[in-house]
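Asks: To be precise about what I am sending: the file is called protein_1.txt and holds compact mmCIF, C-alpha atoms and all ligand atoms.
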# COMPACT_ATOMS: atom_id res chain seq x y z
CA MET A 626 7.23 -11.38 -3.98
CA ARG A 627 5.72 -14.29 -2.05
CA ILE A 628 5.01 -13.34 1.56
CA LEU A 629 3.96 -15.23 4.67
CA VAL A 630 2.42 -13.12 7.44
CA ILE A 631 2.18 -14.70 10.88
CA GLY A 632 -0.69 -13.53 13.07
CA SER A 633 -4.44 -13.08 13.07
CA GLY A 634 -5.38 -9.59 14.21
CA ALA A 635 -6.38 -6.31 12.60
CA ARG A 636 -2.68 -5.36 12.59
CA GLU A 637 -1.96 -8.34 10.32
CA HIS A 638 -5.04 -7.52 8.23
CA ALA A 639 -3.67 -3.97 7.75
CA LEU A 640 -0.22 -5.35 6.86
CA LEU A 641 -1.74 -7.68 4.25
CA HIS A 642 -3.96 -4.95 2.82
CA SER A 643 -1.05 -2.55 2.51
CA MET A 644 1.28 -5.17 1.00
CA SER A 645 -1.42 -6.24 -1.49
CA LYS A 646 -1.02 -2.79 -3.06
CA ASP A 647 2.74 -3.19 -3.54
CA PRO A 648 3.45 -3.64 -7.28
CA GLN A 649 5.92 -6.42 -6.47
CA VAL A 650 3.17 -8.50 -4.83
CA GLY A 651 1.08 -10.64 -7.19
CA GLU A 652 -2.54 -11.68 -6.68
CA SER A 653 -1.82 -15.04 -5.08
CA ASP A 654 1.43 -14.08 -3.35
CA LEU A 655 0.04 -13.45 0.13
CA HIS A 656 -0.21 -16.18 2.77
CA VAL A 657 -1.23 -15.86 6.39
CA ALA A 658 -1.04 -18.15 9.41
CA PRO A 659 -3.51 -18.57 10.95
CA GLY A 660 -5.37 -15.42 9.80
CA ASN A 661 -8.97 -14.49 10.48
CA ALA A 662 -12.30 -14.56 8.65
CA GLY A 663 -11.71 -11.17 7.00
CA MET A 664 -8.50 -12.11 5.22
CA SER A 665 -9.74 -14.87 2.94
CA GLU A 666 -9.87 -12.67 -0.19
CA LEU A 667 -6.42 -11.22 0.36
CA ALA A 668 -4.37 -14.25 1.35
CA THR A 669 -4.24 -18.04 1.49
CA MET A 670 -4.88 -19.03 5.08
CA HIS A 671 -2.92 -21.75 6.91
CA PRO A 672 -4.05 -23.12 10.29
CA VAL A 673 -0.73 -23.23 12.12
CA GLN A 674 0.20 -22.92 15.80
CA VAL A 675 2.18 -19.68 15.50
CA ASP A 676 4.20 -20.03 18.71
CA ASP A 677 5.61 -23.35 17.47
CA PRO A 678 8.87 -22.63 15.58
CA ALA A 679 8.98 -26.09 13.95
CA ALA A 680 5.40 -25.73 12.65
CA CYS A 681 6.17 -22.29 11.21
CA VAL A 682 9.30 -23.59 9.49
CA ALA A 683 7.34 -26.52 8.04
CA LEU A 684 4.79 -24.07 6.63
CA ALA A 685 7.53 -21.85 5.18
CA ASP A 686 9.11 -24.91 3.54
CA GLU A 687 5.75 -25.56 1.85
CA ILE A 688 5.24 -21.96 0.66
CA ALA A 689 8.90 -20.94 0.00
CA PRO A 690 8.28 -17.26 0.84
CA ASP A 691 10.61 -14.43 -0.17
CA LEU A 692 9.69 -12.71 3.08
CA VAL A 693 8.12 -13.71 6.40
CA VAL A 694 6.51 -10.94 8.46
CA ILE A 695 5.83 -11.85 12.09
CA GLY A 696 3.06 -9.72 13.61
CA PRO A 697 2.56 -10.63 17.28
CA GLU A 698 5.08 -10.77 20.13
CA VAL A 699 4.32 -14.34 21.22
CA PRO A 700 5.97 -16.10 18.23
CA LEU A 701 8.89 -13.64 18.38
CA VAL A 702 9.52 -14.35 22.05
CA ALA A 703 9.14 -18.08 21.30
CA GLY A 704 11.98 -17.95 18.73
CA VAL A 705 10.02 -18.35 15.50
CA ALA A 706 12.19 -15.74 13.74
CA ASP A 707 15.39 -17.59 14.82
CA ALA A 708 14.11 -20.87 13.40
CA LEU A 709 13.09 -19.31 10.08
CA ARG A 710 16.36 -17.38 9.72
CA ALA A 711 18.31 -20.56 10.42
CA LYS A 712 16.62 -22.05 7.33
CA GLY A 713 17.59 -19.00 5.24
CA TYR A 714 14.23 -17.20 5.06
CA PRO A 715 14.31 -13.37 5.18
CA VAL A 716 12.28 -12.47 8.28
CA PHE A 717 10.83 -9.15 9.40
CA GLY A 718 10.83 -9.55 13.17
CA PRO A 719 13.57 -9.87 15.79
CA ASN A 720 15.21 -13.02 17.06
CA LYS A 721 14.28 -14.30 20.52
CA ASP A 722 17.22 -12.55 22.24
CA ALA A 723 16.26 -9.18 20.80
CA ALA A 724 12.53 -9.73 21.43
CA ARG A 725 13.37 -9.56 25.17
CA ILE A 726 13.09 -5.78 24.74
CA GLU A 727 9.35 -6.51 25.04
CA GLY A 728 9.34 -9.96 26.62
CA SER A 729 11.21 -8.85 29.75
CA LYS A 730 10.63 -5.38 31.08
CA ALA A 731 13.65 -5.83 33.38
CA PHE A 732 15.85 -6.52 30.31
CA ALA A 733 14.44 -3.39 28.60
CA LYS A 734 15.30 -1.31 31.68
CA ASP A 735 18.84 -2.67 31.66
CA VAL A 736 19.29 -1.81 27.96
CA MET A 737 17.91 1.70 28.53
CA ALA A 738 20.21 2.29 31.51
CA ALA A 739 23.23 1.25 29.43
CA ALA A 740 22.08 3.36 26.47
CA GLY A 741 21.36 6.45 28.59
CA VAL A 742 17.69 6.54 27.62
CA LYS A 743 15.23 8.38 29.87
CA THR A 744 12.60 6.14 31.43
CA ALA A 745 10.63 5.71 34.62
CA HIS A 746 12.41 4.59 37.79
CA ALA A 747 11.53 0.92 38.33
CA GLU A 748 11.82 -1.81 40.93
CA ALA A 749 11.08 -5.51 40.51
CA ILE A 750 9.33 -7.77 43.04
CA GLN A 751 10.01 -11.48 42.56
CA PRO A 752 7.46 -14.28 43.19
CA GLY A 753 7.90 -15.54 46.74
CA ALA A 754 8.49 -12.04 48.18
CA SER A 755 7.02 -11.63 51.67
CA ASP A 756 3.92 -9.53 52.29
CA ALA A 757 6.06 -7.04 54.20
CA ASP A 758 8.50 -6.69 51.28
CA ILE A 759 5.64 -6.19 48.82
CA ASP A 760 4.09 -3.51 51.05
CA ALA A 761 7.41 -1.75 51.51
CA ALA A 762 8.01 -1.71 47.74
CA ILE A 763 4.50 -0.36 47.07
CA ASP A 764 5.12 2.39 49.64
CA ARG A 765 8.27 3.50 47.82
CA PHE A 766 6.04 4.44 44.83
CA GLY A 767 2.82 6.33 44.14
CA PRO A 768 0.49 7.91 43.88
CA ASN A 769 0.01 7.23 40.97
CA TRP A 770 1.06 3.58 41.05
CA VAL A 771 2.16 1.85 37.83
CA VAL A 772 2.13 -1.92 38.40
CA LYS A 773 3.23 -4.16 35.53
CA ASP A 774 3.27 -7.87 34.88
CA ASP A 775 6.88 -8.52 33.80
CA GLY A 776 5.82 -10.89 31.08
CA LEU A 777 3.67 -10.83 27.97
CA ALA A 778 0.17 -9.74 28.91
CA ALA A 779 -1.22 -8.33 25.62
CA GLY A 780 -1.37 -4.83 27.05
CA LYS A 781 -3.65 -5.91 29.86
CA GLY A 782 -1.00 -6.58 32.50
CA VAL A 783 -0.57 -2.94 33.45
CA VAL A 784 -2.57 -1.21 36.15
CA VAL A 785 -2.19 2.56 36.60
CA THR A 786 -4.08 3.72 39.65
CA GLN A 787 -4.25 6.28 42.45
CA ASP A 788 -5.69 3.61 44.72
CA ARG A 789 -3.02 1.87 46.82
CA ALA A 790 -5.27 -1.12 47.51
CA ALA A 791 -5.84 -1.68 43.77
CA ALA A 792 -2.08 -1.44 43.13
CA ARG A 793 -1.38 -3.93 45.94
CA ALA A 794 -4.07 -6.32 44.68
CA HIS A 795 -2.71 -6.31 41.10
CA ALA A 796 0.82 -6.96 42.37
CA ALA A 797 -0.48 -9.90 44.41
CA ASP A 798 -2.37 -11.33 41.39
CA VAL A 799 0.69 -11.15 39.12
CA LEU A 800 2.94 -12.73 41.77
CA ALA A 801 0.37 -15.46 42.43
CA ALA A 802 0.49 -16.30 38.70
CA GLY A 803 4.24 -16.86 39.11
CA ASN A 804 5.40 -13.72 37.28
CA PRO A 805 7.64 -10.94 38.63
CA VAL A 806 6.03 -7.53 39.17
CA LEU A 807 7.59 -4.29 37.97
CA LEU A 808 6.70 -1.13 39.90
CA GLU A 809 7.38 2.10 38.05
CA SER A 810 7.25 5.79 38.82
CA PHE A 811 4.45 7.51 36.94
CA LEU A 812 5.46 9.46 33.82
CA ASP A 813 3.42 12.58 33.26
CA GLY A 814 2.52 13.81 29.77
CA PRO A 815 0.63 12.68 26.67
CA GLU A 816 1.53 9.29 25.23
CA VAL A 817 3.24 8.74 21.89
CA SER A 818 3.74 5.50 19.98
CA LEU A 819 6.65 5.75 17.58
CA PHE A 820 7.33 2.75 15.34
CA CYS A 821 10.79 2.44 13.81
CA LEU A 822 11.97 0.03 11.16
CA VAL A 823 15.28 -1.20 12.50
CA ASP A 824 17.99 -3.23 10.86
CA GLY A 825 20.99 -3.32 13.17
CA GLU A 826 21.97 0.32 13.70
CA THR A 827 19.77 1.70 10.90
CA VAL A 828 16.58 3.28 12.26
CA VAL A 829 13.76 4.61 10.07
CA PRO A 830 10.76 6.13 11.89
CA LEU A 831 7.16 5.84 10.71
CA GLN A 832 4.53 8.51 11.48
CA PRO A 833 3.94 9.00 15.23
CA ALA A 834 0.62 7.77 16.59
CA GLN A 835 -1.37 7.84 19.80
CA ASP A 836 -3.25 4.88 21.23
CA HIS A 837 -6.28 4.97 23.56
CA LYS A 838 -5.73 2.13 26.01
CA ARG A 839 -8.63 2.47 28.44
CA VAL A 840 -11.87 0.77 27.51
CA GLY A 841 -14.18 3.76 27.96
CA ASP A 842 -14.60 7.32 26.74
CA ASN A 843 -12.59 9.94 28.67
CA ASP A 844 -10.01 7.25 29.48
CA GLU A 845 -12.28 5.54 31.97
CA GLY A 846 -12.30 1.85 32.91
CA PRO A 847 -9.62 -0.82 32.73
CA ASN A 848 -6.69 -1.00 30.33
CA THR A 849 -7.13 -2.95 27.10
CA GLY A 850 -4.88 -3.90 24.20
CA GLY A 851 -5.94 -0.55 22.64
CA MET A 852 -9.37 0.78 21.65
CA GLY A 853 -8.38 3.17 18.88
CA ALA A 854 -5.54 5.30 17.57
CA TYR A 855 -4.71 8.14 15.22
CA ALA A 856 -1.72 9.50 13.31
CA PRO A 857 0.15 11.79 12.90
CA LEU A 858 0.29 13.91 16.08
CA GLU A 859 -0.13 17.60 15.33
CA TRP A 860 0.49 18.53 18.96
CA LEU A 861 3.96 16.97 19.08
CA PRO A 862 6.63 19.72 19.31
CA GLU A 863 8.48 20.42 16.05
CA GLY A 864 11.35 17.98 15.59
CA GLY A 865 9.71 15.61 18.08
CA VAL A 866 10.07 12.47 15.98
CA GLN A 867 13.75 13.18 15.34
CA ARG A 868 14.30 13.72 19.09
CA ILE A 869 12.79 10.30 19.83
CA VAL A 870 14.93 8.70 17.14
CA ASP A 871 18.12 10.40 18.37
CA GLU A 872 17.53 10.14 22.12
CA VAL A 873 15.76 6.78 22.32
CA CYS A 874 15.67 4.51 19.28
CA VAL A 875 19.18 4.90 17.87
CA PRO A 876 20.89 4.49 21.28
CA VAL A 877 18.80 1.38 21.97
CA ALA A 878 19.48 -0.10 18.51
CA LYS A 879 23.23 0.48 19.04
CA GLU A 880 23.13 -1.04 22.51
CA MET A 881 21.39 -4.14 21.14
CA VAL A 882 24.13 -4.51 18.50
CA ALA A 883 26.80 -4.06 21.19
CA ARG A 884 25.17 -6.82 23.28
CA GLY A 885 25.28 -9.22 20.36
CA CYS A 886 21.50 -9.27 19.89
CA PRO A 887 20.92 -6.82 17.01
CA PHE A 888 17.30 -5.88 16.45
CA GLN A 889 15.80 -6.53 13.03
CA GLY A 890 12.15 -5.64 12.62
CA LEU A 891 9.85 -3.11 14.19
CA LEU A 892 10.95 -1.36 17.37
CA TYR A 893 7.92 0.22 19.03
CA ALA A 894 8.78 2.98 21.49
CA GLY A 895 5.89 3.78 23.83
CA LEU A 896 6.66 7.17 25.37
CA ALA A 897 5.29 9.92 27.53
CA TRP A 898 6.11 13.45 26.36
CA GLY A 899 6.86 15.38 29.55
CA ALA A 900 8.31 18.77 30.38
CA ASP A 901 11.80 17.55 29.40
CA GLY A 902 10.70 15.74 26.25
CA PRO A 903 10.30 12.01 25.65
CA SER A 904 10.65 9.30 28.32
CA VAL A 905 10.10 5.63 27.58
CA VAL A 906 7.09 3.90 29.10
CA GLU A 907 7.81 0.60 27.34
CA PHE A 908 9.23 -1.00 24.22
CA ASN A 909 7.50 -3.55 22.05
CA CYS A 910 9.24 -5.74 19.51
CA ARG A 911 6.54 -5.58 16.82
CA PHE A 912 4.00 -3.29 15.16
CA GLY A 913 1.47 -1.88 17.63
CA ASP A 914 -2.17 -2.77 17.44
CA PRO A 915 -4.29 -0.69 16.73
CA GLU A 916 -1.84 2.15 15.85
CA THR A 917 -0.57 0.22 12.79
CA GLN A 918 -4.00 0.34 11.20
CA ALA A 919 -3.88 4.16 11.22
CA VAL A 920 -0.19 4.54 10.37
CA LEU A 921 -0.25 2.19 7.36
CA ALA A 922 -3.34 3.93 5.97
CA LEU A 923 -1.07 6.94 5.34
CA LEU A 924 1.95 5.09 3.92
CA GLU A 925 2.48 5.51 0.18
CA SER A 926 5.79 3.66 -0.12
CA PRO A 927 5.50 -0.02 -1.15
CA LEU A 928 5.31 -1.81 2.21
CA ALA A 929 6.47 -5.25 1.08
CA GLN A 930 9.64 -3.82 -0.43
CA VAL A 931 10.33 -1.75 2.69
CA LEU A 932 9.89 -4.71 5.06
CA HIS A 933 11.96 -6.90 2.74
CA ALA A 934 14.78 -4.33 2.89
CA ALA A 935 14.72 -4.38 6.70
CA ALA A 936 14.69 -8.19 6.67
CA THR A 937 17.69 -8.40 4.31
CA GLY A 938 19.85 -5.72 5.94
CA THR A 939 19.43 -3.14 3.16
CA LEU A 940 17.22 -0.60 4.93
CA ALA A 941 19.90 2.11 4.71
CA GLU A 942 19.81 1.88 0.89
CA GLN A 943 16.04 2.49 0.66
CA PRO A 944 14.55 5.76 -0.59
CA GLU A 945 12.91 7.99 2.03
CA LEU A 946 9.45 6.79 3.03
CA GLN A 947 6.56 8.60 1.31
CA TRP A 948 3.38 9.54 3.17
CA ARG A 949 0.07 10.87 1.98
CA ASP A 950 -1.03 14.21 3.42
CA GLY A 951 -3.69 14.17 6.07
CA TYR A 952 -4.67 12.00 9.00
CA ALA A 953 -5.86 8.50 9.73
CA LEU A 954 -7.76 7.11 12.64
CA THR A 955 -8.91 3.69 13.69
CA VAL A 956 -11.71 2.69 16.06
CA VAL A 957 -11.91 -0.78 17.62
CA LEU A 958 -15.26 -2.55 17.86
CA ALA A 959 -14.98 -4.79 20.92
CA ALA A 960 -16.99 -7.82 22.00
CA HIS A 961 -19.55 -7.90 24.79
CA GLY A 962 -17.76 -7.79 28.14
CA TYR A 963 -14.27 -6.97 26.81
CA PRO A 964 -11.77 -6.69 28.45
CA GLN A 965 -12.84 -8.40 31.72
CA ASP A 966 -15.34 -11.00 30.60
CA THR A 967 -15.24 -11.32 26.82
CA ARG A 968 -18.09 -13.16 25.12
CA THR A 969 -17.27 -14.83 21.79
CA GLY A 970 -19.33 -16.72 19.22
CA ASP A 971 -21.74 -13.87 18.38
CA VAL A 972 -22.73 -13.57 14.72
CA ILE A 973 -21.42 -10.40 13.05
CA GLY A 974 -23.34 -8.56 10.33
CA GLY A 975 -21.82 -6.32 7.66
CA ALA A 976 -18.33 -7.75 7.88
CA GLU A 977 -18.01 -9.93 4.79
CA PRO A 978 -14.39 -9.95 3.53
CA GLY A 979 -13.44 -7.31 0.95
CA ARG A 980 -14.37 -4.10 2.78
CA GLU A 981 -10.76 -3.03 3.41
CA ASP A 982 -10.98 0.00 1.12
CA GLU A 983 -13.97 1.19 3.18
CA GLY A 984 -11.77 0.83 6.25
CA VAL A 985 -13.15 -2.42 7.69
CA LEU A 986 -10.44 -4.68 9.10
CA HIS A 987 -10.97 -7.89 11.03
CA ALA A 988 -9.33 -8.78 14.35
CA GLY A 989 -11.03 -11.49 16.44
CA THR A 990 -13.28 -13.13 13.83
CA ALA A 991 -13.82 -16.68 12.60
CA ARG A 992 -16.37 -18.70 10.59
CA ASP A 993 -18.77 -20.96 12.48
CA GLU A 994 -19.98 -24.32 11.17
CA GLU A 995 -22.80 -22.66 9.21
CA GLY A 996 -20.34 -20.29 7.55
CA ASN A 997 -21.39 -17.20 9.55
CA ILE A 998 -18.70 -14.73 10.57
CA VAL A 999 -18.60 -14.77 14.37
CA SER A 1000 -16.60 -13.03 17.08
CA SER A 1001 -13.64 -15.05 18.35
CA GLY A 1002 -11.76 -12.52 20.46
CA GLY A 1003 -12.11 -9.35 22.52
CA ARG A 1004 -11.21 -6.85 19.84
CA VAL A 1005 -13.39 -7.98 16.93
CA LEU A 1006 -13.22 -5.40 14.13
CA ASN A 1007 -11.44 -2.14 13.36
CA VAL A 1008 -12.69 0.70 11.22
CA VAL A 1009 -10.13 3.03 9.64
CA GLY A 1010 -10.96 6.53 8.39
CA VAL A 1011 -8.63 8.81 6.42
CA GLY A 1012 -9.15 12.52 5.81
CA ALA A 1013 -7.51 15.83 5.04
CA THR A 1014 -8.12 16.76 8.69
CA LEU A 1015 -8.31 14.64 11.81
CA GLU A 1016 -11.94 15.66 12.16
CA GLU A 1017 -12.70 14.37 8.66
CA ALA A 1018 -10.86 11.09 9.40
CA ARG A 1019 -13.01 10.74 12.54
CA GLU A 1020 -16.22 11.39 10.63
CA ARG A 1021 -15.32 8.78 8.01
CA ALA A 1022 -14.50 6.07 10.52
CA TYR A 1023 -17.52 6.72 12.73
CA ALA A 1024 -19.83 6.75 9.66
CA VAL A 1025 -18.88 3.12 8.92
CA LEU A 1026 -19.37 1.75 12.45
CA PRO A 1027 -23.21 1.67 12.26
CA THR A 1028 -22.95 -0.66 9.22
CA LEU A 1029 -21.45 -3.36 11.48
CA GLU A 1030 -23.72 -5.46 13.67
CA LEU A 1031 -22.53 -7.36 16.73
CA ASP A 1032 -24.78 -7.98 19.70
CA GLY A 1033 -23.49 -6.39 22.91
CA SER A 1034 -20.47 -4.81 21.21
CA HIS A 1035 -19.02 -1.47 22.23
CA TYR A 1036 -16.55 1.12 21.00
CA ARG A 1037 -15.14 4.40 22.18
CA THR A 1038 -16.76 7.49 20.69
CA ASP A 1039 -13.89 9.85 21.51
CA ILE A 1040 -10.93 8.49 19.56
CA ALA A 1041 -8.69 11.48 18.69
CA LEU A 1042 -11.27 13.90 20.10
CA PRO A 1043 -8.87 15.55 22.60
CA ALA A 1044 -6.46 16.23 19.70
CA VAL A 1045 -9.25 17.58 17.48
CA GLU A 1046 -10.41 19.88 20.29
CA GLY A 1047 -6.86 21.03 21.15
CA ARG A 1048 -7.07 19.54 24.65
CA ILE A 1049 -3.68 17.76 24.63
CA THR A 1050 -1.16 19.68 26.67
CA ILE A 1051 2.48 19.02 27.41
CA PRO A 1052 3.46 19.56 31.07
CA GLN A 1053 5.67 22.64 31.60
N1 LIG B 1101 -1.26 -0.52 21.18
C1 LIG B 1101 -0.58 -1.18 22.19
C2 LIG B 1101 0.20 -2.33 21.75
O1 LIG B 1101 0.26 -2.66 20.59
O2 LIG B 1101 0.82 -2.97 22.59
Could you take the file, read its structure, and then write that structure out as structure tokens?
Replies:
Amino acid sequence: MRILVIGSGAREHALLHSMSKDPQVGESDLHVAPGNAGMSELATMHPVQVDDPAACVALADEIAPDLVVIGPEVPLVAGVADALRAKGYPVFGPNKDAARIEGSKAFAKDVMAAAGVKTAHAEAIQPGASDADIDAAIDRFGPNWVVKDDGLAAGKGVVVTQDRAAARAHAADVLAAGNPVLLESFLDGPEVSLFCLVDGETVVPLQPAQDHKRVGDNDEGPNTGGMGAYAPLEWLPEGGVQRIVDEVCVPVAKEMVARGCPFQGLLYAGLAWGADGPSVVEFNCRFGDPETQAVLALLESPLAQVLHAAATGTLAEQPELQWRDGYALTVVLAAHGYPQDTRTGDVIGGAEPGREDEGVLHAGTARDEEGNIVSSGGRVLNVVGVGATLEEARERAYAVLPTLELDGSHYRTDIALPAVEGRITIPQ
């Protein structure tokens, strides 16, 4: 099966690595656009502007893939899936209309209201609002304040704070950039990321995961795209995944079909598990990063065949997904200064391609003119560990990190630690 993956992060590296093990995928079947420095042994790399639908179609015409898997939200929101489907290519990833579930938080709220899905109360402030209106809206919320950029912000557009001045300042920054602001009531309870393969009304959940979004240990510092994740979640109440599927993902999938914008791809439900069960914090229209790196490390079913089924409307006919026993965890190695003031161009040691089976995945990496692997983004590398226990998975991942060298880099030392130590509690 010839496959084109669109994207360049550790999520796409994990997708390629997992699909390379599918018996239907031959040695030279994998292509990636644009890819990163770690993928060169797994896939043929193509330097393409991935938010340009015409450029992606031209590349697909060259490769003639049996499946296109779109990783990031930007090409999905830009309509790359629509353009590829119009040319007859099977695509894993929603069309532009359906990608609004992530691209517009106001649209997502509207879908949830119609589908009867529990979520935070929200209010939008439009650019051009007066200072008095902004202040009045801020005063209708908090503390804690949840202030979101109602656009694509790679996970960094959300500020959660007890400080009214910080909430007000973030709202002003987002409005000054010309984007609407979404204020939300704060949802109490531990966070869950549940990824579902969706093809119209068919919904198949993957293992639940938990992300760590703050940059520092003990959830300190600013939000990032995600600094590490683990799966599955032992602390989730029994039947928890099925509750999320029944109360959240199936109603949303049906509502999207009813609106004439059926979802085909990966529906990512970001939830808080409170006293009454799951409430939606946000939806994304693609695999999460870094949770995917942990979740796919546990998947035994052939990934390419599963994604192909979702892309061709035959998900309901697929056998049940198979998972290996145990736990997986991923830790992100971030560049100097990330997330506020990321430095790129630093030479990386220990990250030659081909270390996937040791758990080393590339995110923001490139080759410089001398052929060195250098940092090219904020989140630079991921290390994945798998073990019979979460503690063992942690030990394996953290044992690999010292083999990677990147000046000024940093990583969290407490990924999954609250779960290992039994410190995750559900509000009563
Ligand atoms: N892990 C957060 C995200 O993928 O948006």
Asks: What residues of the protein or nucleic acid chains come within 9 Å of ligand LIG 1101 (chain B) when you use all atoms listed in the file? Reply as a list of chain:residue names.
Replies: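 Written in the requested form, the residues are A:Arg636, A:Pro697, A:Ala779, A:Gly780, A:Ser818, A:Gln835, A:Asp836, A:His837, A:Lys838, A:Thr849, A:Gly850, A:Gly851, A:Met852, A:Gly853, A:Ala854, A:Tyr893, A:Gly895, A:Phe908, A:Asn909, A:Arg911, A:Phe912, A:Gly913, A:Asp914, A:Pro915, A:Glu916, A:Thr917.
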Asks: What lies within 8 Å of range 1013-1021 of chain A using only C-alpha atoms, ignoring chain neighbours under 4 positions off, as a PDB file with C-alpha atoms, in the coordinates of the input?
Replies:
ATOM      1  CA  ASP A 950      -1.030  14.210   3.420  1.00  0.00           C
ATOM      2  CA  GLY A 951      -3.690  14.170   6.070  1.00  0.00           C
ATOM      3  CA  TYR A 952      -4.670  12.000   9.000  1.00  0.00           C
ATOM      4  CA  ALA A 953      -5.860   8.500   9.730  1.00  0.00           C
ATOM      5  CA  LEU A 954      -7.760   7.110  12.640  1.00  0.00           C
ATOM      6  CA  VAL A1009     -10.130   3.030   9.640  1.00  0.00           C
ATOM      7  CA  VAL A1025     -18.880   3.120   8.920  1.00  0.00           C
ATOM      8  CA  ILE A1040     -10.930   8.490  19.560  1.00  0.00           C
ATOM      9  CA  ALA A1041      -8.690  11.480  18.690  1.00  0.00           C
ATOM     10  CA  VAL A1045      -9.250  17.580  17.480  1.00  0.00           C
TER      11      VAL A1045
END
Asks: Of the candidates A:Gly974, A:Pro862, A:Pro964, A:Pro833, which shows the shortest atom-to-atom distance to Ile1049 in chain A, using all atoms listed in the file?
Replies: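 Among the listed residues, the smallest separation from Ile1049 in chain A belongs to A:Pro862.
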Asks: Just how far from CA of Arg1004 in chain A is CA of Arg627 in chain A, in Å to one decimal?
Replies: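 Separating CA of Arg627 in chain A from CA of Arg1004 in chain A is a distance of 28.7 Å.
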Asks: Excluding Val806 in chain A and any residue of its chain fewer than 3 positions from it, enumerate the residues within 7 Å of it, using all atoms listed in the file, and give them as number ranges by chain.
Replies: A: 749-751, 772-775, 796, 799-800
Asks: Step by step: start from the point (7.6, -4.9, 25.9) in the file's coordinates, keep every protein, DNA or RNA residue that has an atom no farther than 7 Å from it, count all atoms listed in the file, and write the set as a list in words.
Replies: Ile726, Glu727, Gly728, Ser729, Lys730, Glu907, Phe908, Asn909 and Cys910 of chain A
Asks: Find the residues with any atom within 12 Å of (-8.9, -1.5, 5.0); use all atoms listed in the file and the coordinates as given in the file, and write the answer as an MDAnalysis selection string.
Replies: chainID A and resid 635:646 663:664 667 917:923 953:955 976 978:988 1006:1011 1022 1025
Asks: A:Ala747, A:Met626, A:Val650, A:Ala703: which is nearest Gln674 in chain A, counting all atoms listed in the file?
Replies: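 The closest residue to Gln674 in chain A is A:Ala703.
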Asks: Give me, please, the distance in Å between CA of Val630 in chain A and CA of Asn661 in chain A, quoted to one decimal.
Replies: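 It comes out at 11.9 Å.
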Asks: Identify, on the basis of only C-alpha atoms, every residue whose closest approach to Gly938 in chain A does not exceed 7 Å; exclude the query and any residue fewer than 3 positions from it along the same chain; express the result as a ChimeraX atom specification.
Replies: /A:824,934-935
Asks: Please give the centre and size of the box around range 665-678 of chain A (axis-aligned, containing every atom listed in the file, 6 Å added per side), with values in Å to one decimal and written as JSON.
Replies:
{"center_x": -0.5, "center_y": -17.3, "center_z": 9.3, "size_x": 30.7, "size_y": 24.1, "size_z": 30.9}
Asks: In terms of the shortest atom-to-atom distance over only C-alpha atoms, which of A:Val699, A:Leu1042, A:Ala936, A:Gly989 is closest to Gly634 in chain A?
Replies: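 Among the listed residues, the smallest separation from Gly634 in chain A belongs to A:Gly989.
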Asks: From the list A:Val1005, A:Ile998, A:Ala708, A:Leu1029, which residue is nearest Arg968 in chain A when using all atoms listed in the file?
Replies: A:Val1005
Asks: If I take CA of Gln1053 in chain A and CA of Pro903 in chain A, how far is one from the other in Å, to one decimal?
Replies: 13.0 Å
Asks: For Gly1002 in chain A, which residue among A:Gly696, A:Gly825, A:Gly970, A:Pro719 is the nearest when counting all atoms listed in the file?
Replies: A:Gly970
